[in-house]
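Data from my_file.txt: compact mmCIF, C-alpha atoms
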# COMPACT_ATOMS: atom_id res chain seq x y z
CA MET M 1 -4.83 28.72 0.50
CA GLY M 2 -1.41 27.33 -0.33
CA ASP M 3 -1.85 24.95 2.54
CA THR M 4 -5.26 23.83 1.35
CA LEU M 5 -3.93 23.23 -2.13
CA GLU M 6 -0.99 21.31 -0.72
CA ARG M 7 -3.29 19.18 1.35
CA GLU M 8 -5.64 18.62 -1.53
CA THR M 9 -3.12 17.62 -4.16
CA ASN M 10 -0.85 15.48 -2.02
CA ARG M 11 -3.35 13.54 0.01
CA LEU M 12 -2.40 10.27 -1.67
CA ILE M 13 0.91 8.56 -2.24
CA SER M 14 1.77 5.69 -4.52
CA SER M 15 2.95 2.45 -2.90
CA ASP M 16 5.92 2.29 -5.26
CA LYS M 17 6.99 5.73 -4.05
CA VAL M 18 6.86 4.62 -0.41
CA GLU M 19 9.01 1.59 -1.17
CA GLY M 20 12.62 2.70 -1.05
CA THR M 21 11.91 5.82 1.00
CA ALA M 22 14.40 6.54 3.78
CA VAL M 23 13.48 6.39 7.46
CA TYR M 24 15.14 8.66 10.02
CA ASN M 25 14.87 9.11 13.74
CA PRO M 26 14.46 12.53 15.39
CA GLN M 27 18.26 12.55 15.95
CA ASN M 28 18.54 12.60 12.16
CA GLU M 29 20.16 9.18 11.98
CA LYS M 30 19.11 7.21 8.93
CA LEU M 31 17.64 3.93 10.15
CA GLY M 32 17.09 2.38 6.75
CA THR M 33 14.45 2.33 4.04
CA ILE M 34 10.88 1.11 3.70
CA THR M 35 10.85 -2.02 1.56
CA SER M 36 7.11 -2.59 1.45
CA ILE M 37 3.82 -1.86 3.13
CA MET M 38 1.78 -4.59 4.80
CA ILE M 39 -1.86 -3.92 4.00
CA ASP M 40 -4.96 -5.39 5.60
CA LYS M 41 -6.73 -7.06 2.69
CA LYS M 42 -10.23 -6.52 3.96
CA SER M 43 -10.09 -2.91 5.11
CA GLY M 44 -7.33 -1.74 2.79
CA LYS M 45 -5.60 -0.16 5.79
CA SER M 46 -1.81 0.03 5.84
CA GLN M 47 -0.76 -1.76 9.01
CA TYR M 48 3.05 -1.79 8.83
CA GLY M 49 5.84 -0.14 6.97
CA VAL M 50 8.55 -2.77 6.67
CA LEU M 51 11.89 -1.19 7.51
CA GLU M 52 15.08 -2.64 6.08
CA PHE M 53 17.76 -1.97 8.65
CA GLY M 54 21.28 -3.12 9.47
CA GLY M 55 23.80 -5.00 7.38
CA ILE M 56 26.18 -3.35 4.95
CA PHE M 57 24.97 -2.07 1.58
CA GLY M 58 21.82 -4.11 2.06
CA LEU M 59 23.74 -7.34 2.70
CA GLY M 60 22.59 -8.98 5.89
CA ALA M 61 19.94 -6.35 6.47
CA ASP M 62 16.84 -7.52 8.31
CA HIS M 63 13.22 -6.56 7.91
CA TYR M 64 11.43 -4.85 10.80
CA PRO M 65 7.67 -4.34 10.66
CA VAL M 66 6.93 -0.90 12.09
CA PRO M 67 3.30 -0.02 12.89
CA TRP M 68 2.25 2.35 10.12
CA ASP M 69 0.94 5.01 12.47
CA MET M 70 4.43 5.41 13.99
CA LEU M 71 5.77 6.67 10.64
CA THR M 72 5.42 10.36 9.83
CA TYR M 73 6.44 11.71 6.47
CA ASP M 74 8.76 14.70 6.68
CA THR M 75 8.80 16.71 3.47
CA ASP M 76 12.02 18.53 4.46
CA LYS M 77 13.89 15.29 5.02
CA GLY M 78 12.20 13.60 2.08
CA GLY M 79 11.65 10.56 4.23
CA TYR M 80 9.76 9.11 7.14
CA VAL M 81 10.56 9.94 10.73
CA VAL M 82 10.03 7.44 13.50
CA ASN M 83 10.62 8.16 17.16
CA LEU M 84 13.05 5.32 17.85
CA THR M 85 16.71 5.06 18.69
CA LYS M 86 18.92 2.65 16.75
CA GLU M 87 19.09 0.52 19.87
CA GLN M 88 15.31 0.30 20.03
CA VAL M 89 15.18 -0.84 16.42
CA THR M 90 17.99 -3.33 16.95
CA GLY M 91 15.98 -5.09 19.65
CA ALA M 92 12.71 -5.03 17.73
CA PRO M 93 10.95 -8.02 16.12
CA ARG M 94 12.60 -8.73 12.79
CA TYR M 95 13.17 -11.39 10.19
CA ALA M 96 15.57 -12.16 7.38
CA ARG M 97 14.58 -10.80 4.00
CA ASP M 98 13.71 -14.24 2.63
CA ASP M 99 12.00 -15.46 5.75
CA THR M 100 8.82 -13.43 6.07
CA PRO M 101 6.73 -14.82 8.92
CA GLU M 102 2.98 -15.21 8.79
CA TYR M 103 1.50 -11.99 10.07
CA THR M 104 -0.87 -13.64 12.50
CA ASP M 105 -2.64 -11.72 15.26
CA ASP M 106 -0.15 -13.25 17.72
CA TYR M 107 2.74 -11.89 15.71
CA GLY M 108 1.04 -8.52 15.47
CA ARG M 109 0.56 -8.38 19.21
CA THR M 110 4.28 -9.15 19.68
CA VAL M 111 5.26 -6.31 17.35
CA TYR M 112 2.81 -3.75 18.73
CA GLY M 113 3.70 -4.81 22.26
CA TYR M 114 7.39 -4.22 21.64
CA TYR M 115 6.61 -0.66 20.62
CA GLY M 116 4.31 -0.14 23.59
CA LEU M 117 1.19 0.06 21.46
CA SER M 118 -2.06 -1.84 21.74
CA TYR M 119 -2.82 -4.09 18.79
CA PRO M 120 -5.68 -2.79 16.66
CA MET M 121 -8.50 -5.22 16.01
CA LEU M 122 -9.36 -4.31 12.43
CA MET T 1 -11.10 -24.17 11.75
CA GLY T 2 -9.24 -24.29 8.44
CA ASP T 3 -11.11 -21.16 7.47
CA THR T 4 -10.24 -19.39 10.70
CA LEU T 5 -6.58 -20.27 10.29
CA GLU T 6 -6.66 -19.09 6.69
CA ARG T 7 -8.22 -15.81 7.71
CA GLU T 8 -5.82 -15.33 10.56
CA THR T 9 -2.58 -15.97 8.71
CA ASN T 10 -3.43 -14.22 5.48
CA ARG T 11 -5.08 -11.09 6.73
CA LEU T 12 -2.26 -8.90 5.42
CA ILE T 13 -0.64 -8.61 2.03
CA SER T 14 2.59 -6.92 1.05
CA SER T 15 2.35 -3.97 -1.33
CA ASP T 16 5.07 -5.45 -3.51
CA LYS T 17 2.98 -8.59 -3.90
CA VAL T 18 -0.05 -6.58 -5.00
CA GLU T 19 2.01 -4.78 -7.62
CA GLY T 20 2.11 -6.95 -10.70
CA THR T 21 -0.96 -8.99 -9.72
CA ALA T 22 -3.39 -9.73 -12.55
CA VAL T 23 -6.90 -8.30 -12.69
CA TYR T 24 -9.76 -10.22 -14.27
CA ASN T 25 -13.40 -9.55 -14.86
CA PRO T 26 -16.15 -12.04 -14.01
CA GLN T 27 -16.07 -13.20 -17.66
CA ASN T 28 -12.50 -14.35 -16.92
CA GLU T 29 -10.95 -11.85 -19.30
CA LYS T 30 -7.64 -10.53 -18.06
CA LEU T 31 -7.89 -6.77 -17.91
CA GLY T 32 -4.31 -6.09 -16.95
CA THR T 33 -2.21 -5.86 -13.81
CA ILE T 34 -2.05 -3.65 -10.73
CA THR T 35 0.99 -1.40 -11.01
CA SER T 36 0.67 0.35 -7.66
CA ILE T 37 -1.66 1.25 -4.83
CA MET T 38 -2.62 4.84 -4.11
CA ILE T 39 -2.68 5.24 -0.34
CA ASP T 40 -4.17 8.03 1.72
CA LYS T 41 -1.19 9.37 3.67
CA LYS T 42 -3.13 10.39 6.72
CA SER T 43 -5.39 7.40 7.27
CA GLY T 44 -3.17 4.80 5.62
CA LYS T 45 -6.22 3.60 3.66
CA SER T 46 -5.70 2.15 0.18
CA GLN T 47 -7.88 4.27 -2.08
CA TYR T 48 -7.11 2.96 -5.58
CA GLY T 49 -5.48 0.05 -7.24
CA VAL T 50 -3.88 1.42 -10.38
CA LEU T 51 -4.65 -0.90 -13.27
CA GLU T 52 -2.33 -1.05 -16.26
CA PHE T 53 -4.51 -1.87 -19.23
CA GLY T 54 -4.33 -1.82 -23.02
CA GLY T 55 -1.35 -1.52 -25.31
CA ILE T 56 0.75 -4.43 -26.48
CA PHE T 57 3.25 -6.07 -24.11
CA GLY T 58 2.96 -3.04 -21.89
CA LEU T 59 3.76 -0.60 -24.69
CA GLY T 60 1.15 2.11 -24.91
CA ALA T 61 -0.69 0.77 -21.88
CA ASP T 62 -2.47 3.36 -19.79
CA HIS T 63 -3.02 3.60 -16.05
CA TYR T 64 -6.55 3.43 -14.68
CA PRO T 65 -7.20 4.20 -11.02
CA VAL T 66 -9.81 1.73 -9.78
CA PRO T 67 -11.43 2.36 -6.37
CA TRP T 68 -9.82 -0.16 -4.05
CA ASP T 69 -13.11 -1.49 -2.73
CA MET T 70 -14.09 -2.61 -6.24
CA LEU T 71 -11.20 -5.09 -6.28
CA THR T 72 -11.73 -8.53 -4.75
CA TYR T 73 -8.90 -10.99 -4.47
CA ASP T 74 -9.72 -14.43 -5.86
CA THR T 75 -7.41 -17.11 -4.53
CA ASP T 76 -8.42 -19.57 -7.28
CA LYS T 77 -7.56 -17.12 -10.03
CA GLY T 78 -4.52 -15.81 -8.17
CA GLY T 79 -5.60 -12.30 -9.02
CA TYR T 80 -8.12 -9.58 -8.41
CA VAL T 81 -11.59 -9.63 -9.87
CA VAL T 82 -13.42 -6.46 -10.76
CA ASN T 83 -16.97 -6.34 -12.06
CA LEU T 84 -16.25 -4.41 -15.26
CA THR T 85 -16.36 -5.18 -18.95
CA LYS T 86 -13.40 -4.28 -21.14
CA GLU T 87 -15.55 -1.56 -22.68
CA GLN T 88 -16.23 -0.04 -19.27
CA VAL T 89 -12.52 0.06 -18.53
CA THR T 90 -11.72 1.50 -21.95
CA GLY T 91 -13.96 4.47 -21.25
CA ALA T 92 -12.71 5.03 -17.70
CA PRO T 93 -10.52 7.88 -16.46
CA ARG T 94 -6.91 7.09 -17.34
CA TYR T 95 -3.52 8.60 -17.91
CA ALA T 96 -0.27 7.73 -19.62
CA ARG T 97 2.26 5.92 -17.47
CA ASP T 98 4.54 8.96 -17.25
CA ASP T 99 1.78 11.47 -16.80
CA THR T 100 0.29 10.78 -13.36
CA PRO T 101 -2.23 13.51 -12.51
CA GLU T 102 -2.59 15.09 -9.12
CA TYR T 103 -5.08 13.03 -7.21
CA THR T 104 -7.19 15.95 -6.09
CA ASP T 105 -10.66 15.56 -4.64
CA ASP T 106 -12.02 16.76 -8.00
CA TYR T 107 -10.14 14.02 -9.79
CA GLY T 108 -11.34 11.49 -7.23
CA ARG T 109 -14.94 12.54 -7.74
CA THR T 110 -14.51 12.09 -11.49
CA VAL T 111 -13.15 8.57 -11.04
CA TYR T 112 -15.68 7.45 -8.44
CA GLY T 113 -18.46 9.09 -10.46
CA TYR T 114 -17.49 7.12 -13.56
CA TYR T 115 -17.86 3.89 -11.61
CA GLY T 116 -21.16 5.00 -10.10
CA LEU T 117 -19.74 5.30 -6.61
CA SER T 118 -19.91 8.18 -4.18
CA TYR T 119 -16.54 9.68 -3.33
CA PRO T 120 -15.45 8.91 0.24
CA MET T 121 -14.50 11.88 2.36
CA LEU T 122 -11.60 10.41 4.31

As structure tokens, what does this structure read like?
Amino acid sequence: MGDTLERETNRLISSDKVEGTAVYNPQNEKLGTITSIMIDKKSGKSQYGVLEFGGIFGLGADHYPVPWDMLTYDTDKGGYVVNLTKEQVTGAPRYARDDTPEYTDDYGRTVYGYYGLSYPML
Amino acid sequence: MGDTLERETNRLISSDKVEGTAVYNPQNEKLGTITSIMIDKKSGKSQYGVLEFGGIFGLGADHYPVPWDMLTYDTDKGGYVVNLTKEQVTGAPRYARDDTPEYTDDYGRTVYGYYGLSYPML
């Protein structure tokens, strides 16, 4: 009953709540925060959470598109959990904050490939 | 070719670009702006664009959840187009900016019902 209610009332989340939410790995290291969600215009499906990671106090931090389905919200932590080490994130496809690439299918395949996932044809 | 390229490179949009984007009706009246996107946590599907409408210079404006599929991006206008008159929006389910309701299935049915749509069971 409590669980049903929980599920019912919290099924949706606002994009502006996701932005700024912390991301942890299972080792409880904070990897960074989600800066935005990349959404497929046609289907409305969230395809990536863009992780801001590295740098100091946000300076020099890069943006890492993480396939949305890799992110799990953890109510206890109050943030997302992703099964990646810091080293794995460090080597992942990234770009400077002011240098967002075009999210072509080629780019998507590069990102999904890095994470060992097959690229979804939406 | 140009069309394919266009489709390929612009298939995704960033949530922080959607926020603040204008919404027009087919009569070219500006109805307001999208303040946020309500996203289904489990599926990642965008379910509503939340339209800020009414008031003066944002003061007293209310928030109107509009089913995402009703919103079509118009590159010429640089904003979304929704097939609604101002009167239809005025009468639609809404809430004060600081009084976001719980987006239960009941609430969803009320919203979708107002717009003559059947509520999607995600």

Residues of chain M within 7 Å of chain T, counting all atoms listed in the file, what are they? List them as an MDAnalysis selection string. chainID M and resid 8:9 11:16 36:41 44:46 102:105

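Take atom CA of T:Thr33 and atom CA of T:Tyr112: the distance between them is 19.7 Å.
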
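If you look at atom CA of M:Val66 and atom CA of M:Tyr24, they are 12.8 Å away from each other.
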
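Selection around (15.6, 5.7, 0.8) with radius 7 Å, counting only C-alpha atoms, yields the residues Gly20, Thr21, Ala22, Gly32 and Thr33 of chain M.
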
Output C-alpha atoms for every residue in that selection, as a PDB file, keeping the file's coordinate frame.
ATOM      1  CA  GLY M  20      12.620   2.700  -1.050  1.00  0.00           C
ATOM      2  CA  THR M  21      11.910   5.820   1.000  1.00  0.00           C
ATOM      3  CA  ALA M  22      14.400   6.540   3.780  1.00  0.00           C
ATOM      4  CA  GLY M  32      17.090   2.380   6.750  1.00  0.00           C
ATOM      5  CA  THR M  33      14.450   2.330   4.040  1.00  0.00           C
TER       6      THR M  33
END

Residues near M:Gly60, cut-off 12 Å, all atoms listed in the file, skip fewer than 4 positions along chain, as an mmCIF file with C-alpha atoms, in the frame of the given file:
data_model
loop_
_atom_site.group_PDB
_atom_site.id
_atom_site.type_symbol
_atom_site.label_atom_id
_atom_site.label_comp_id
_atom_site.auth_asym_id
_atom_site.auth_seq_id
_atom_site.Cartn_x
_atom_site.Cartn_y
_atom_site.Cartn_z
ATOM 1 C CA GLU M 52 15.080 -2.640 6.080
ATOM 2 C CA PHE M 53 17.760 -1.970 8.650
ATOM 3 C CA GLY M 54 21.280 -3.120 9.470
ATOM 4 C CA GLY M 55 23.800 -5.000 7.380
ATOM 5 C CA ILE M 56 26.180 -3.350 4.950
ATOM 6 C CA TYR M 95 13.170 -11.390 10.190
ATOM 7 C CA ALA M 96 15.570 -12.160 7.380
ATOM 8 C CA ARG M 97 14.580 -10.800 4.000
ATOM 9 C CA ASP M 98 13.710 -14.240 2.630
#

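For the pair atom CA of M:Ile34 and atom CA of M:Pro120, the separation is 21.4 Å.
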
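For M:Asn25, the non-local neighbours within 8 Å, defined as residues at least 3 positions apart in the same chain or in other chains and counting all atoms listed in the file, are M:Asn28, M:Glu29, M:Lys30, M:Leu31, M:Val81, M:Val82, M:Asn83, M:Leu84, M:Thr85.
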
Could you name the residues that touch M:Tyr115 at 10 Å or less, counting only C-alpha atoms, but leaving out those on the same chain fewer than 3 positions away, as an mmCIF file with C-alpha atoms, in the coordinates of the input?
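Contents of around08.cif, as written:
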data_model
loop_
_atom_site.group_PDB
_atom_site.id
_atom_site.type_symbol
_atom_site.label_atom_id
_atom_site.label_comp_id
_atom_site.auth_asym_id
_atom_site.auth_seq_id
_atom_site.Cartn_x
_atom_site.Cartn_y
_atom_site.Cartn_z
ATOM 1 C CA VAL M 66 6.930 -0.900 12.090
ATOM 2 C CA PRO M 67 3.300 -0.020 12.890
ATOM 3 C CA MET M 70 4.430 5.410 13.990
ATOM 4 C CA LEU M 84 13.050 5.320 17.850
ATOM 5 C CA GLN M 88 15.310 0.300 20.030
ATOM 6 C CA VAL M 89 15.180 -0.840 16.420
ATOM 7 C CA ALA M 92 12.710 -5.030 17.730
ATOM 8 C CA PRO M 93 10.950 -8.020 16.120
ATOM 9 C CA ARG M 109 0.560 -8.380 19.210
ATOM 10 C CA THR M 110 4.280 -9.150 19.680
ATOM 11 C CA VAL M 111 5.260 -6.310 17.350
ATOM 12 C CA TYR M 112 2.810 -3.750 18.730
ATOM 13 C CA SER M 118 -2.060 -1.840 21.740
#
